[in-house]
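Visitor: Provided below: input36.pdb, containing PDB, C-alpha atoms.
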```pdb
ATOM      1  CA  MET K   1      17.308 -78.094  48.145  1.00  0.00           C
ATOM      2  CA  LYS K   2      13.875 -78.945  46.729  1.00  0.00           C
ATOM      3  CA  LYS K   3      12.605 -75.579  48.008  1.00  0.00           C
ATOM      4  CA  TYR K   4      15.273 -73.719  45.965  1.00  0.00           C
ATOM      5  CA  HIS K   5      14.436 -75.774  42.904  1.00  0.00           C
ATOM      6  CA  VAL K   6      10.736 -74.762  43.163  1.00  0.00           C
ATOM      7  CA  ILE K   7      11.652 -71.089  43.661  1.00  0.00           C
ATOM      8  CA  LEU K   8      14.031 -71.141  40.674  1.00  0.00           C
ATOM      9  CA  THR K   9      11.395 -72.851  38.519  1.00  0.00           C
ATOM     10  CA  VAL K  10       8.777 -70.234  39.431  1.00  0.00           C
ATOM     11  CA  LEU K  11      11.220 -67.367  38.770  1.00  0.00           C
ATOM     12  CA  PHE K  12      12.185 -68.915  35.441  1.00  0.00           C
ATOM     13  CA  CYS K  13       8.498 -69.175  34.419  1.00  0.00           C
ATOM     14  CA  VAL K  14       7.868 -65.542  35.402  1.00  0.00           C
ATOM     15  CA  PHE K  15      10.940 -64.480  33.415  1.00  0.00           C
ATOM     16  CA  ILE K  16       9.807 -66.384  30.304  1.00  0.00           C
ATOM     17  CA  ALA K  17       6.277 -64.984  30.567  1.00  0.00           C
ATOM     18  CA  GLY K  18       7.671 -61.447  30.913  1.00  0.00           C
ATOM     19  CA  CYS K  19       9.937 -61.900  27.897  1.00  0.00           C
ATOM     20  CA  SER K  20       7.040 -63.087  25.774  1.00  0.00           C
ATOM     21  CA  LEU K  21       5.285 -59.738  26.349  1.00  0.00           C
ATOM     22  CA  ILE K  22       8.237 -57.650  25.129  1.00  0.00           C
ATOM     23  CA  GLY K  23       7.475 -56.070  21.777  1.00  0.00           C
ATOM     24  CA  THR K  24       3.776 -56.874  21.766  1.00  0.00           C
ATOM     25  CA  LYS K  25       1.449 -54.071  20.780  1.00  0.00           C
ATOM     26  CA  THR K  26      -1.359 -52.916  22.957  1.00  0.00           C
ATOM     27  CA  PRO K  27      -4.628 -54.073  21.436  1.00  0.00           C
ATOM     28  CA  PRO K  28      -6.068 -51.548  18.976  1.00  0.00           C
ATOM     29  CA  LYS K  29      -8.977 -49.433  19.967  1.00  0.00           C
ATOM     30  CA  SER K  30     -12.329 -50.232  18.419  1.00  0.00           C
ATOM     31  CA  VAL K  31     -14.074 -48.069  15.837  1.00  0.00           C
ATOM     32  CA  LEU K  32     -17.448 -49.025  17.354  1.00  0.00           C
ATOM     33  CA  GLY K  33     -19.526 -46.147  18.633  1.00  0.00           C
ATOM     34  CA  THR K  34     -20.314 -42.538  17.766  1.00  0.00           C
ATOM     35  CA  TRP K  35     -17.413 -40.273  16.832  1.00  0.00           C
ATOM     36  CA  ASN K  36     -17.805 -36.482  16.568  1.00  0.00           C
ATOM     37  CA  GLY K  37     -15.262 -33.951  15.413  1.00  0.00           C
ATOM     38  CA  THR K  38     -14.121 -31.933  12.461  1.00  0.00           C
ATOM     39  CA  ALA K  39     -13.046 -32.446   8.885  1.00  0.00           C
ATOM     40  CA  ASN K  40      -9.812 -30.972   7.570  1.00  0.00           C
ATOM     41  CA  ASP K  41     -11.596 -27.721   6.610  1.00  0.00           C
ATOM     42  CA  GLY K  42     -13.015 -27.280  10.136  1.00  0.00           C
ATOM     43  CA  SER K  43     -16.551 -28.363   9.266  1.00  0.00           C
ATOM     44  CA  PRO K  44     -18.368 -30.736  11.643  1.00  0.00           C
ATOM     45  CA  ALA K  45     -18.219 -34.478  11.023  1.00  0.00           C
ATOM     46  CA  THR K  46     -19.831 -37.511  12.650  1.00  0.00           C
ATOM     47  CA  MET K  47     -19.111 -41.202  12.083  1.00  0.00           C
ATOM     48  CA  VAL K  48     -21.210 -43.921  13.698  1.00  0.00           C
ATOM     49  CA  PHE K  49     -19.988 -47.537  13.585  1.00  0.00           C
ATOM     50  CA  LYS K  50     -22.445 -50.196  14.778  1.00  0.00           C
ATOM     51  CA  ASP K  51     -21.591 -53.765  15.787  1.00  0.00           C
ATOM     52  CA  ASP K  52     -23.656 -55.160  12.886  1.00  0.00           C
ATOM     53  CA  ASN K  53     -21.037 -53.624  10.526  1.00  0.00           C
ATOM     54  CA  THR K  54     -23.295 -50.801   9.374  1.00  0.00           C
ATOM     55  CA  MET K  55     -22.213 -47.204   9.614  1.00  0.00           C
ATOM     56  CA  THR K  56     -23.200 -43.630   8.881  1.00  0.00           C
ATOM     57  CA  LEU K  57     -21.048 -40.663   7.972  1.00  0.00           C
ATOM     58  CA  ALA K  58     -22.191 -37.043   8.056  1.00  0.00           C
ATOM     59  CA  LEU K  59     -19.793 -34.335   6.891  1.00  0.00           C
ATOM     60  CA  THR K  60     -19.321 -31.407   4.543  1.00  0.00           C
ATOM     61  CA  ILE K  61     -17.003 -31.852   1.576  1.00  0.00           C
ATOM     62  CA  GLU K  62     -16.308 -28.938  -0.754  1.00  0.00           C
ATOM     63  CA  GLY K  63     -19.386 -27.088   0.484  1.00  0.00           C
ATOM     64  CA  TYR K  64     -21.772 -30.056   0.196  1.00  0.00           C
ATOM     65  CA  ASP K  65     -23.498 -31.479   3.262  1.00  0.00           C
ATOM     66  CA  ILE K  66     -23.222 -35.227   2.857  1.00  0.00           C
ATOM     67  CA  TYR K  67     -24.981 -38.007   4.766  1.00  0.00           C
ATOM     68  CA  LEU K  68     -23.894 -41.532   3.850  1.00  0.00           C
ATOM     69  CA  VAL K  69     -25.213 -44.896   5.029  1.00  0.00           C
ATOM     70  CA  GLY K  70     -23.380 -48.137   4.320  1.00  0.00           C
ATOM     71  CA  ASN K  71     -21.318 -50.904   5.834  1.00  0.00           C
ATOM     72  CA  TYR K  72     -17.713 -51.245   6.866  1.00  0.00           C
ATOM     73  CA  GLU K  73     -14.842 -53.683   7.342  1.00  0.00           C
ATOM     74  CA  VAL K  74     -11.893 -53.147   9.672  1.00  0.00           C
ATOM     75  CA  ASP K  75      -8.479 -54.816   9.667  1.00  0.00           C
ATOM     76  CA  TYR K  76      -6.841 -54.161  13.029  1.00  0.00           C
ATOM     77  CA  SER K  77      -3.736 -56.151  12.050  1.00  0.00           C
ATOM     78  CA  THR K  78      -2.439 -53.294   9.889  1.00  0.00           C
ATOM     79  CA  ASP K  79      -0.722 -50.127  11.051  1.00  0.00           C
ATOM     80  CA  PRO K  80      -2.461 -47.781  10.522  1.00  0.00           C
ATOM     81  CA  VAL K  81      -5.736 -49.678  10.864  1.00  0.00           C
ATOM     82  CA  ALA K  82      -7.383 -50.325   7.473  1.00  0.00           C
ATOM     83  CA  VAL K  83     -11.043 -49.295   7.344  1.00  0.00           C
ATOM     84  CA  ASP K  84     -13.161 -49.930   4.254  1.00  0.00           C
ATOM     85  CA  LEU K  85     -16.393 -47.973   3.980  1.00  0.00           C
ATOM     86  CA  ASN K  86     -18.487 -49.946   1.492  1.00  0.00           C
ATOM     87  CA  ALA K  87     -21.671 -49.342  -0.489  1.00  0.00           C
ATOM     88  CA  LEU K  88     -22.185 -45.870   0.907  1.00  0.00           C
ATOM     89  CA  GLU K  89     -25.553 -44.695  -0.332  1.00  0.00           C
ATOM     90  CA  LEU K  90     -25.588 -41.049  -1.346  1.00  0.00           C
ATOM     91  CA  SER K  91     -29.303 -40.598  -2.000  1.00  0.00           C
ATOM     92  CA  GLU K  92     -29.104 -36.905  -2.960  1.00  0.00           C
ATOM     93  CA  PHE K  93     -27.156 -37.862  -6.082  1.00  0.00           C
ATOM     94  CA  ASP K  94     -28.397 -41.464  -6.546  1.00  0.00           C
ATOM     95  CA  MET K  95     -24.840 -42.770  -6.126  1.00  0.00           C
ATOM     96  CA  THR K  96     -23.087 -45.568  -4.308  1.00  0.00           C
ATOM     97  CA  LEU K  97     -19.595 -44.729  -3.056  1.00  0.00           C
ATOM     98  CA  TYR K  98     -16.679 -46.691  -1.622  1.00  0.00           C
ATOM     99  CA  CYS K  99     -13.905 -45.421   0.575  1.00  0.00           C
ATOM    100  CA  PRO K 100     -10.697 -47.257   1.419  1.00  0.00           C
ATOM    101  CA  GLY K 101      -9.392 -45.491   4.486  1.00  0.00           C
ATOM    102  CA  ILE K 102      -7.057 -45.674   7.435  1.00  0.00           C
ATOM    103  CA  ALA K 103      -7.568 -44.906  11.103  1.00  0.00           C
ATOM    104  CA  ALA K 104      -5.329 -44.381  14.109  1.00  0.00           C
ATOM    105  CA  PHE K 105      -6.060 -43.943  17.790  1.00  0.00           C
ATOM    106  CA  PRO K 106      -3.509 -41.432  19.135  1.00  0.00           C
ATOM    107  CA  GLU K 107      -5.056 -41.469  22.609  1.00  0.00           C
ATOM    108  CA  PRO K 108      -8.022 -43.075  24.369  1.00  0.00           C
ATOM    109  CA  ALA K 109     -11.381 -42.027  22.870  1.00  0.00           C
ATOM    110  CA  LYS K 110      -9.668 -40.232  19.948  1.00  0.00           C
ATOM    111  CA  MET K 111      -9.519 -41.365  16.327  1.00  0.00           C
ATOM    112  CA  ILE K 112      -8.120 -39.821  13.174  1.00  0.00           C
ATOM    113  CA  PHE K 113      -9.444 -41.058   9.848  1.00  0.00           C
ATOM    114  CA  TYR K 114      -8.254 -40.464   6.306  1.00  0.00           C
ATOM    115  CA  GLY K 115      -9.855 -41.769   3.139  1.00  0.00           C
ATOM    116  CA  MET K 116     -10.627 -41.224  -0.517  1.00  0.00           C
ATOM    117  CA  MET K 117     -14.183 -41.735  -1.754  1.00  0.00           C
ATOM    118  CA  GLY K 118     -14.844 -43.086  -5.210  1.00  0.00           C
ATOM    119  CA  GLU K 119     -17.485 -44.855  -7.266  1.00  0.00           C
ATOM    120  CA  SER K 120     -15.650 -48.179  -7.464  1.00  0.00           C
ATOM    121  CA  SER K 121     -14.588 -50.659  -4.813  1.00  0.00           C
ATOM    122  CA  GLY K 122     -11.173 -52.227  -4.418  1.00  0.00           C
ATOM    123  CA  GLY K 123      -9.129 -49.044  -4.197  1.00  0.00           C
ATOM    124  CA  GLN K 124      -5.765 -48.981  -2.458  1.00  0.00           C
ATOM    125  CA  HIS K 125      -5.624 -47.992   1.190  1.00  0.00           C
ATOM    126  CA  PRO K 126      -3.581 -44.906   1.916  1.00  0.00           C
ATOM    127  CA  THR K 127      -0.345 -45.647   3.772  1.00  0.00           C
ATOM    128  CA  GLU K 128      -0.125 -42.359   5.633  1.00  0.00           C
ATOM    129  CA  PHE K 129      -2.388 -39.557   6.772  1.00  0.00           C
ATOM    130  CA  ASN K 130      -2.771 -36.413   4.678  1.00  0.00           C
ATOM    131  CA  THR K 131      -4.060 -33.712   7.026  1.00  0.00           C
ATOM    132  CA  SER K 132      -4.569 -31.263   4.138  1.00  0.00           C
ATOM    133  CA  PRO K 133      -6.305 -33.244   1.397  1.00  0.00           C
ATOM    134  CA  SER K 134      -6.841 -31.431  -1.891  1.00  0.00           C
ATOM    135  CA  GLN K 135      -8.217 -34.054  -4.290  1.00  0.00           C
ATOM    136  CA  MET K 136     -11.925 -34.552  -4.988  1.00  0.00           C
ATOM    137  CA  GLY K 137     -13.430 -37.027  -2.488  1.00  0.00           C
ATOM    138  CA  GLU K 138     -10.365 -37.048  -0.231  1.00  0.00           C
ATOM    139  CA  PHE K 139     -10.970 -36.213   3.443  1.00  0.00           C
ATOM    140  CA  TYR K 140      -9.313 -36.198   6.873  1.00  0.00           C
ATOM    141  CA  LEU K 141     -11.280 -36.350  10.133  1.00  0.00           C
ATOM    142  CA  ASP K 142     -10.188 -35.628  13.699  1.00  0.00           C
ATOM    143  CA  LEU K 143     -12.752 -37.316  15.966  1.00  0.00           C
ATOM    144  CA  SER K 144     -13.544 -37.933  19.629  1.00  0.00           C
ATOM    145  CA  LYS K 145     -15.673 -40.793  20.875  1.00  0.00           C
ATOM    146  CA  GLU K 146     -19.034 -39.870  22.345  1.00  0.00           C
ATOM    147  CA  GLU K 147     -19.417 -41.258  25.847  1.00  0.00           C
TER
END
```
Output the file's structure in the form of structure tokens.

Guide:
Amino acid sequence: MKKYHVILTVLFCVFIAGCSLIGTKTPPKSVLGTWNGTANDGSPATMVFKDDNTMTLALTIEGYDIYLVGNYEVDYSTDPVAVDLNALELSEFDMTLYCPGIAAFPEPAKMIFYGMMGESSGGQHPTEFNTSPSQMGEFYLDLSKEE
């Protein structure tokens, strides 16, 4: 009888543990690393996120080759993931830009990013991806992680 009690207790614990996993999300992918791909207009784009929260972004927007250096913050608790690109130095124009953006990881080693650059911080994050942006400073990137 004691043997059945132990077996039932173990089965009950396994059942409870299994139920606690139902509905949990898989952990989000990390933005860390070098990401290469294209912008919405087909031009090349590269984003590099370092573990010291600095980043670089190289892309072409509206015919301008842009290279930005700054820092970033990521909130993985949101869906899509909120990514703030902060204090982006645009030396060619002596400007500092900010970009509230969103990211998603549709498959391993793949990230899509959408954001809107501006000269002030504290902008609202987009809630969905616009794959055909048309406003000044707005961009969409389709990226793959460099191995």

Visitor: The PyMOL selection byres ((chain K and resi 97) around 6) on the file shown: which residues, as a VMD selection string?

Guide: chain K and resid 87 to 88 96 98 118 to 119

Visitor: CA of Ser43 in chain K and CA of Thr56 in chain K are how many Å apart?

Guide: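 Straight-line distance from CA of Ser43 in chain K to CA of Thr56 in chain K works out to 16.7 Å.
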
Visitor: Please provide as a PyMOL selection string all residues within 6 Å of Val81 in chain K, with the sequence filter that same-chain residues fewer than 3 positions apart are discarded (counting only C-alpha atoms).

Guide: chain K and resi 75-76+78+102-103

Visitor: Report the distance between CA of Asn130 in chain K and CA of Asp94 in chain K in Å, rounded to one decimal place.

Guide: 28.4 Å

Visitor: With the PyMOL selection byres ((chain K and resi 45) around 8) as the selection, what would be picked from this file? Answer as a PyMOL selection string, please.

Guide: chain K and resi 36-39+43-44+46-47+57-60+141+143

Visitor: Separation of CA of Phe129 in chain K and CA of Ile61 in chain K, in Å?

Guide: 17.3 Å

Visitor: Smallest atom-to-atom distance to Pro80 in chain K: which of K:Asp52, K:Glu107, K:Glu128, K:Met95, using only C-alpha atoms?

Guide: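 Of K:Asp52, K:Glu107, K:Glu128, K:Met95, the one nearest Pro80 in chain K, counting only C-alpha atoms, is K:Glu128.
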
Visitor: Return the single residue from K:Met117, K:Leu85, K:Val74, K:Cys99 that is closest to Lys29 in chain K, with distances computed using only C-alpha atoms.

Guide: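 Of K:Met117, K:Leu85, K:Val74, K:Cys99, the one nearest Lys29 in chain K, counting only C-alpha atoms, is K:Val74.
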
Visitor: Calculated over all atoms listed in the file, which of the candidates K:Gly63, K:His125, K:Asn53, K:Tyr140 has the smallest distance to Ile112 in chain K?

Guide: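 Ranked by minimum distance to Ile112 in chain K, first place goes to K:Tyr140.
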
Visitor: Give the padded box for range 72-79 of chain K as AutoDock Vina command-line options: axis-aligned, covering all atoms listed in the file, 5 Å on each side, centre and edge lengths in Å to one decimal.

Guide:
```
--center_x -9.2 --center_y -53.1 --center_z 9.9 --size_x 27.0 --size_y 16.0 --size_z 16.2
```

Visitor: Let me know the residues the PyMOL selection byres ((chain K and resi 110) around 8) catches in the file above, as an mmCIF file with C-alpha atoms, in the coordinates of the input.

Guide:
```cif
data_model
loop_
_atom_site.group_PDB
_atom_site.id
_atom_site.type_symbol
_atom_site.label_atom_id
_atom_site.label_comp_id
_atom_site.auth_asym_id
_atom_site.auth_seq_id
_atom_site.Cartn_x
_atom_site.Cartn_y
_atom_site.Cartn_z
ATOM 1 C CA PHE K 105 -6.060 -43.943 17.790
ATOM 2 C CA PRO K 106 -3.509 -41.432 19.135
ATOM 3 C CA GLU K 107 -5.056 -41.469 22.609
ATOM 4 C CA PRO K 108 -8.022 -43.075 24.369
ATOM 5 C CA ALA K 109 -11.381 -42.027 22.870
ATOM 6 C CA MET K 111 -9.519 -41.365 16.327
ATOM 7 C CA ILE K 112 -8.120 -39.821 13.174
ATOM 8 C CA ASP K 142 -10.188 -35.628 13.699
ATOM 9 C CA LEU K 143 -12.752 -37.316 15.966
ATOM 10 C CA SER K 144 -13.544 -37.933 19.629
ATOM 11 C CA LYS K 145 -15.673 -40.793 20.875
#
```

Visitor: Using all atoms listed in the file, find the one residue out of K:Gly101, K:Gly70, K:Gly33, K:Gly137 that sits nearest to Thr54 in chain K.

Guide: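 Smallest distance to Thr54 in chain K is found for K:Gly70.
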
Visitor: Point out the residue among K:Gln124, K:Gly42, K:Gly115, K:Phe49 with the least atom-to-atom distance to Glu138 in chain K, counting only C-alpha atoms.

Guide: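 Under the stated criterion, the closest residue is K:Gly115.
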
Visitor: Rank K:Asp65, K:Tyr72, K:Ala104, K:Phe113 by their smallest atom-to-atom distance to Leu90 in chain K, using all atoms listed in the file, and report the top residue only.

Guide: K:Asp65
